[in-house]
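Below: the structure, in structure tokens.
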Amino acid sequence: MVIADTQLKEEDKTQSENIITGGMRITGVKISYYFICHTKLWLFSHNITLEKEHDNVNIGKFLHEDRYKRDSKEITIDQTISIDFIWKGDTIVLHEIKKTKSMEAAHRWQMLYYLYYLKSKGISATGEINYPLVSKKEEIVLLEKDESEMENVINDIRKIAMGRMPPPKKIRICPKCAYYEFCFGDEV
Amino acid sequence: MKEDYYITQDGGLTRHENTVYFENENTKRALPVNKIYSIYAYGRLSFSSGVVDYLAKSGIPIHFFNYYGFYEGSFYPRETLISGDLTVKQASNYLDSAKRLILAKSFVEGACGNILRNLNYYAREMKSLETHIGGIDSEIARLPGTNTIPEVMNVEGRIRNLYYTALDEIFPENYRIIKRSRMPPGNRMNTLISFGNSLMYTTTLSEIYNTQLNPTISFLHEPFERRFSLALDVSEIFKPIIIDRVILKLVNKNMLDDACFRGEIGDMLLSEKGKKLFLTEYNEKLSTTIKHRGLEQNVSFKRLIRLELYKLVKHCLGEKEYKPLIMWW
């Protein structure tokens, strides 16, 4: 289901155009990668993807398909954002399901991005992130300070993607990442 | 865990729901699609279009070999992993002759390094090999001074000849190369080497398929030399590590007998028994694991091929200069 463009005020239009013009689509995944690893963000933006066989990714996919199919609807906007949502009275609440809380900041900013994007279309909403494996829920609300920070994030993502591949830096989560062998598979 | 399937009998592939079946008058075997990595067809294989469609969607290549075990072609599913950016950069490393030369030399360095590891192992007991090792050392020393691809290929050719001569001192008498003959293989060892090289090429190809590298853009070999010439380049590094070691084991441990070969001197091939034996040892070799120093994890020899390709991707992206794998074990 695709939302048709509603009548937008002039300033709102610029904001949403800003997100999808400038050459590269900014998707929620890219926002989350920005907060996880810039090398991963760069590789993903250049279509160097390695996710197909990785176990962790498969678990994530399955989790998503299994739960939440009952009450929620899925929405795709401008071929950029694809997300589940439900109505809570008059409010739209966006839903995301994640496996672990270890990348909480990344998940939070991804949700904030969806809220930001919808706001640019004149739609106000809140968000909820579900962690079914640890039975936790987190409510997300887009504040003004988040909006200005988001603009910086978007510009920075563009800059990174246009530049050279950031050299891999080993961090705690690297061995679990699908790109681990790619980044550190040299012998020496 | 996905696995490779090697089919040596004639038969047909059919599909029923989510399972692919291999069937002939003796047997009907189920191959669960989500567990297949690639299929190697050594027998005459027929398949319905339903199977083709299904394998294509699952990204499973089928590699076809002829009677002699020579590679004929592949059913290579539509590219699912493409990066325009990487393809352009890969091509630019070919188009720029200086960049191309650097990569071409790296492949020869890698092949030579692994060849020497093999020979040095046997040289501990056989002092006569020292002469050949010395010859190869002199050849490889010429590599930095070469300025064109034909010159690099000449160095590679001479190293390979010295290697074959050295191997003939290690092989038992009825398994000597004597002279390298390909179409058709002239004797038992040539049959084994040709069979093995074709196999290495296609395994490498399956790995390239799982990356965004374009298999037709090569550096040492000319891109028009074979359909997927990059597989030729990368195979050079792994032939000594995998194929030569399999052959050395089969031959030095007396695992082959007359029933493993068909034909006569001048025109030989492996029988079905011989092919099965080779493929079993090959698959076992590929599954052998080793502790990887960079990843601090165990990786299979097969995975080493993929890691090598990742290094090539990083080279093309300008991230890290490609240094070929030379056995450290």
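Following the order of the structure tokens, chains are lettered A, B, ..., residues in each are numbered from 1, and ligands are numbered from 1.
Using only C-alpha atoms, the contacts of Leu50 in chain A at a cut-off of 12 Å, with sequence neighbours closer than 4 positions omitted, comprise Lys40, Leu43, Phe44, His46, His54, Asp55, Val57, Cys177, Ala178, Tyr179, Tyr180, Glu181, Phe182 and Cys183 of chain A; Thr80, Leu81, Ile82, Ser83, Tyr209, Asn210, Thr211, Gln212, Arg306 and Tyr310 of chain B.
Within the 10 Å cut-off around Leu309 in chain B, using only C-alpha atoms and omitting residues fewer than 5 positions from it on the same chain, the listed residues are Phe182 and Gly185 of chain A; Thr204, Glu207, Ile208, Asn210, Thr211, Gln212, Leu213, Val234, Arg303, Leu304, Lys314, His315 and Tyr322 of chain B.
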Only N, CA, C and O atoms, please: the residues just picked out, written as a PDB file, in the first residue's frame.
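See selection_1.pdb below for the written result:
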ATOM      1  N   PHE A 182      34.855  -9.908   5.608  1.00  0.00           N
ATOM      2  CA  PHE A 182      35.237  -8.941   4.586  1.00  0.00           C
ATOM      3  C   PHE A 182      36.233  -7.944   5.151  1.00  0.00           C
ATOM      4  O   PHE A 182      37.255  -7.654   4.552  1.00  0.00           O
ATOM      5  N   GLY A 185      39.449 -10.281   6.985  1.00  0.00           N
ATOM      6  CA  GLY A 185      39.863 -11.586   6.461  1.00  0.00           C
ATOM      7  C   GLY A 185      41.268 -11.649   5.904  1.00  0.00           C
ATOM      8  O   GLY A 185      41.659 -12.655   5.325  1.00  0.00           O
TER       9      GLY A 185
ATOM     10  N   THR B 204      35.837 -22.095  -7.601  1.00  0.00           N
ATOM     11  CA  THR B 204      36.166 -20.675  -7.505  1.00  0.00           C
ATOM     12  C   THR B 204      35.041 -19.845  -8.097  1.00  0.00           C
ATOM     13  O   THR B 204      34.649 -18.812  -7.545  1.00  0.00           O
ATOM     14  N   GLU B 207      32.203 -19.362  -5.820  1.00  0.00           N
ATOM     15  CA  GLU B 207      32.503 -18.363  -4.787  1.00  0.00           C
ATOM     16  C   GLU B 207      32.381 -16.952  -5.334  1.00  0.00           C
ATOM     17  O   GLU B 207      31.852 -16.063  -4.674  1.00  0.00           O
ATOM     18  N   ILE B 208      32.866 -16.756  -6.556  1.00  0.00           N
ATOM     19  CA  ILE B 208      32.773 -15.416  -7.155  1.00  0.00           C
ATOM     20  C   ILE B 208      31.306 -15.020  -7.286  1.00  0.00           C
ATOM     21  O   ILE B 208      30.942 -13.854  -7.091  1.00  0.00           O
ATOM     22  N   ASN B 210      29.051 -15.521  -5.298  1.00  0.00           N
ATOM     23  CA  ASN B 210      28.565 -15.011  -4.017  1.00  0.00           C
ATOM     24  C   ASN B 210      29.192 -13.689  -3.615  1.00  0.00           C
ATOM     25  O   ASN B 210      29.117 -13.284  -2.455  1.00  0.00           O
ATOM     26  N   THR B 211      29.838 -13.022  -4.565  1.00  0.00           N
ATOM     27  CA  THR B 211      30.374 -11.680  -4.273  1.00  0.00           C
ATOM     28  C   THR B 211      29.896 -10.749  -5.391  1.00  0.00           C
ATOM     29  O   THR B 211      29.266 -11.194  -6.342  1.00  0.00           O
ATOM     30  N   GLN B 212      30.218  -9.495  -5.280  1.00  0.00           N
ATOM     31  CA  GLN B 212      29.832  -8.560  -6.335  1.00  0.00           C
ATOM     32  C   GLN B 212      30.876  -8.458  -7.438  1.00  0.00           C
ATOM     33  O   GLN B 212      30.750  -7.634  -8.350  1.00  0.00           O
ATOM     34  N   LEU B 213      31.936  -9.281  -7.347  1.00  0.00           N
ATOM     35  CA  LEU B 213      32.957  -9.248  -8.389  1.00  0.00           C
ATOM     36  C   LEU B 213      32.383  -9.781  -9.689  1.00  0.00           C
ATOM     37  O   LEU B 213      31.587 -10.714  -9.692  1.00  0.00           O
ATOM     38  N   VAL B 234      42.190 -16.568  -9.933  1.00  0.00           N
ATOM     39  CA  VAL B 234      42.175 -16.917  -8.506  1.00  0.00           C
ATOM     40  C   VAL B 234      42.510 -18.396  -8.286  1.00  0.00           C
ATOM     41  O   VAL B 234      43.150 -18.768  -7.303  1.00  0.00           O
ATOM     42  N   ARG B 303      36.323 -21.619   2.490  1.00  0.00           N
ATOM     43  CA  ARG B 303      36.063 -20.240   2.891  1.00  0.00           C
ATOM     44  C   ARG B 303      37.256 -19.341   2.564  1.00  0.00           C
ATOM     45  O   ARG B 303      37.086 -18.141   2.331  1.00  0.00           O
ATOM     46  N   LEU B 304      38.450 -19.934   2.536  1.00  0.00           N
ATOM     47  CA  LEU B 304      39.643 -19.152   2.203  1.00  0.00           C
ATOM     48  C   LEU B 304      39.529 -18.553   0.802  1.00  0.00           C
ATOM     49  O   LEU B 304      40.070 -17.482   0.531  1.00  0.00           O
ATOM     50  N   LYS B 314      38.392  -5.336  -1.857  1.00  0.00           N
ATOM     51  CA  LYS B 314      38.973  -4.192  -1.142  1.00  0.00           C
ATOM     52  C   LYS B 314      40.065  -3.523  -1.982  1.00  0.00           C
ATOM     53  O   LYS B 314      40.226  -2.308  -1.937  1.00  0.00           O
ATOM     54  N   HIS B 315      40.794  -4.310  -2.745  1.00  0.00           N
ATOM     55  CA  HIS B 315      41.818  -3.738  -3.622  1.00  0.00           C
ATOM     56  C   HIS B 315      41.162  -2.854  -4.682  1.00  0.00           C
ATOM     57  O   HIS B 315      41.579  -1.720  -4.909  1.00  0.00           O
ATOM     58  N   TYR B 322      46.113  -5.671  -2.573  1.00  0.00           N
ATOM     59  CA  TYR B 322      45.913  -7.115  -2.542  1.00  0.00           C
ATOM     60  C   TYR B 322      47.227  -7.844  -2.328  1.00  0.00           C
ATOM     61  O   TYR B 322      48.194  -7.643  -3.053  1.00  0.00           O
TER      62      TYR B 322
END
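Checking A:Ile48, A:Ile140, A:Ile75, A:Leu41 one by one against chain B, counting only C-alpha atoms, you find the shortest gap at A:Ile48.
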Contacts of Ile149 in chain B within 9 Å, only C-alpha atoms, excl. fewer than 6 positions in-chain, as a list of chain:residue names: B:Ser97, B:Arg100, B:Leu101, B:Ala104, B:Lys105, B:Phe219, B:Leu220, B:His221
Since we have the selection now, will you write its residues out, keeping N, CA and C atoms, as a compact mmCIF listing (two decimals), in the first residue's frame?
# COMPACT_ATOMS: atom_id res chain seq x y z
N SER B 97 47.07 -0.21 -17.51
CA SER B 97 48.04 -1.31 -17.61
C SER B 97 48.95 -1.44 -16.41
N ARG B 100 46.91 -3.19 -13.81
CA ARG B 100 46.69 -4.59 -14.20
C ARG B 100 47.92 -5.43 -13.92
N LEU B 101 49.08 -4.86 -14.25
CA LEU B 101 50.34 -5.57 -14.05
C LEU B 101 50.54 -5.94 -12.58
N ALA B 104 48.28 -8.86 -11.78
CA ALA B 104 48.74 -10.07 -12.47
C ALA B 104 49.94 -10.67 -11.75
N LYS B 105 50.88 -9.81 -11.37
CA LYS B 105 52.06 -10.29 -10.66
C LYS B 105 51.69 -10.89 -9.32
N PHE B 219 42.73 -10.34 -14.74
CA PHE B 219 43.92 -9.50 -14.79
C PHE B 219 45.13 -10.24 -15.35
N LEU B 220 45.42 -11.44 -14.82
CA LEU B 220 46.55 -12.19 -15.32
C LEU B 220 46.18 -12.78 -16.69
N HIS B 221 45.08 -13.51 -16.70
CA HIS B 221 44.60 -14.06 -17.96
C HIS B 221 43.83 -12.98 -18.71
Top pick for closest residue to chain A, considering B:Tyr37, B:Phe75, B:Phe65, B:Phe195 and counting only C-alpha atoms: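 Under the stated criterion, the closest residue is B:Tyr37.
Comparing the minimum interatomic distances between chain A and each of B:His63, B:His132, B:Lys323, B:Arg44, counting only C-alpha atoms, we find that B:Lys323 sits nearest.
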Atomic distance CA of Pro324 in chain B - CA of Lys311 in chain B, expressed in Å with one decimal: 8.5 Å
Strand (DSSP E or B) residues, from DSSP on the backbone, in range 73-123 of chain A, as a ChimeraX atom specification: /A:73-77,81-88,91-97
Taking N, CA, C and O atoms for each residue, export the selection above as an mmCIF file, in the first residue's frame.
data_model
loop_
_atom_site.group_PDB
_atom_site.id
_atom_site.type_symbol
_atom_site.label_atom_id
_atom_site.label_comp_id
_atom_site.auth_asym_id
_atom_site.auth_seq_id
_atom_site.Cartn_x
_atom_site.Cartn_y
_atom_site.Cartn_z
ATOM 1 N N LYS A 73 -0.705 -3.203 9.943
ATOM 2 C CA LYS A 73 -0.693 -3.012 8.492
ATOM 3 C C LYS A 73 0.732 -2.604 8.127
ATOM 4 O O LYS A 73 1.462 -2.046 8.934
ATOM 5 N N GLU A 74 1.081 -2.880 6.888
ATOM 6 C CA GLU A 74 2.392 -2.422 6.479
ATOM 7 C C GLU A 74 2.261 -1.304 5.478
ATOM 8 O O GLU A 74 1.306 -1.288 4.698
ATOM 9 N N ILE A 75 3.174 -0.379 5.519
ATOM 10 C CA ILE A 75 3.067 0.773 4.625
ATOM 11 C C ILE A 75 4.412 1.034 3.955
ATOM 12 O O ILE A 75 5.464 0.872 4.573
ATOM 13 N N THR A 76 4.360 1.385 2.688
ATOM 14 C CA THR A 76 5.589 1.773 1.986
ATOM 15 C C THR A 76 5.416 3.186 1.464
ATOM 16 O O THR A 76 4.426 3.481 0.808
ATOM 17 N N ILE A 77 6.370 4.040 1.781
ATOM 18 C CA ILE A 77 6.243 5.438 1.393
ATOM 19 C C ILE A 77 7.398 5.814 0.480
ATOM 20 O O ILE A 77 8.557 5.657 0.836
ATOM 21 N N ILE A 81 10.683 3.997 2.598
ATOM 22 C CA ILE A 81 10.460 3.512 3.964
ATOM 23 C C ILE A 81 9.376 2.455 3.934
ATOM 24 O O ILE A 81 8.322 2.636 3.340
ATOM 25 N N SER A 82 9.658 1.349 4.614
ATOM 26 C CA SER A 82 8.679 0.282 4.690
ATOM 27 C C SER A 82 8.522 -0.082 6.151
ATOM 28 O O SER A 82 9.492 -0.462 6.797
ATOM 29 N N ILE A 83 7.304 0.086 6.702
ATOM 30 C CA ILE A 83 7.175 -0.114 8.153
ATOM 31 C C ILE A 83 5.768 -0.556 8.521
ATOM 32 O O ILE A 83 4.801 -0.276 7.822
ATOM 33 N N ASP A 84 5.683 -1.270 9.643
ATOM 34 C CA ASP A 84 4.386 -1.671 10.178
ATOM 35 C C ASP A 84 3.825 -0.574 11.064
ATOM 36 O O ASP A 84 4.568 0.130 11.742
ATOM 37 N N PHE A 85 2.513 -0.481 11.104
ATOM 38 C CA PHE A 85 1.931 0.496 12.028
ATOM 39 C C PHE A 85 0.553 0.019 12.472
ATOM 40 O O PHE A 85 -0.068 -0.835 11.836
ATOM 41 N N ILE A 86 0.112 0.542 13.609
ATOM 42 C CA ILE A 86 -1.274 0.307 14.046
ATOM 43 C C ILE A 86 -1.888 1.623 14.478
ATOM 44 O O ILE A 86 -1.171 2.592 14.756
ATOM 45 N N TRP A 87 -3.182 1.642 14.538
ATOM 46 C CA TRP A 87 -3.893 2.835 15.061
ATOM 47 C C TRP A 87 -4.131 2.651 16.549
ATOM 48 O O TRP A 87 -4.598 1.621 16.979
ATOM 49 N N LYS A 88 -3.761 3.670 17.335
ATOM 50 C CA LYS A 88 -4.125 3.666 18.756
ATOM 51 C C LYS A 88 -5.044 4.865 18.943
ATOM 52 O O LYS A 88 -4.579 5.980 19.164
ATOM 53 N N THR A 91 -4.133 8.143 16.950
ATOM 54 C CA THR A 91 -2.703 8.272 16.657
ATOM 55 C C THR A 91 -2.198 7.053 15.898
ATOM 56 O O THR A 91 -2.627 5.925 16.113
ATOM 57 N N ILE A 92 -1.268 7.344 14.992
ATOM 58 C CA ILE A 92 -0.560 6.260 14.313
ATOM 59 C C ILE A 92 0.649 5.908 15.153
ATOM 60 O O ILE A 92 1.403 6.791 15.563
ATOM 61 N N VAL A 93 0.807 4.601 15.431
ATOM 62 C CA VAL A 93 1.994 4.169 16.165
ATOM 63 C C VAL A 93 2.781 3.222 15.247
ATOM 64 O O VAL A 93 2.277 2.186 14.827
ATOM 65 N N LEU A 94 4.005 3.602 14.937
ATOM 66 C CA LEU A 94 4.856 2.758 14.099
ATOM 67 C C LEU A 94 5.492 1.660 14.949
ATOM 68 O O LEU A 94 5.818 1.880 16.106
ATOM 69 N N HIS A 95 5.643 0.492 14.313
ATOM 70 C CA HIS A 95 6.191 -0.642 15.050
ATOM 71 C C HIS A 95 7.451 -1.182 14.427
ATOM 72 O O HIS A 95 7.520 -1.340 13.211
ATOM 73 N N GLU A 96 8.420 -1.491 15.262
ATOM 74 C CA GLU A 96 9.603 -2.184 14.771
ATOM 75 C C GLU A 96 9.890 -3.321 15.738
ATOM 76 O O GLU A 96 9.703 -3.170 16.943
ATOM 77 N N ILE A 97 10.363 -4.427 15.205
ATOM 78 C CA ILE A 97 10.752 -5.551 16.071
ATOM 79 C C ILE A 97 12.245 -5.768 15.915
ATOM 80 O O ILE A 97 12.755 -5.843 14.798
#
Residues flagged alpha helix (DSSP H) by DSSP in range 76-187 of chain B, as a VMD selection string: chain B and resid 84 to 95 97 to 123 129 to 141 149 to 170
Atom pair CA of Lys302 in chain B / CA of Leu230 in chain B: separation (Å):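 For CA of Lys302 in chain B relative to CA of Leu230 in chain B, the distance reads 16.9 Å.
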Given only C-alpha atoms as the counted atoms, nearest of A:Pro168, A:Asn47, A:Asp156, A:Tyr34 to chain B: A:Asn47
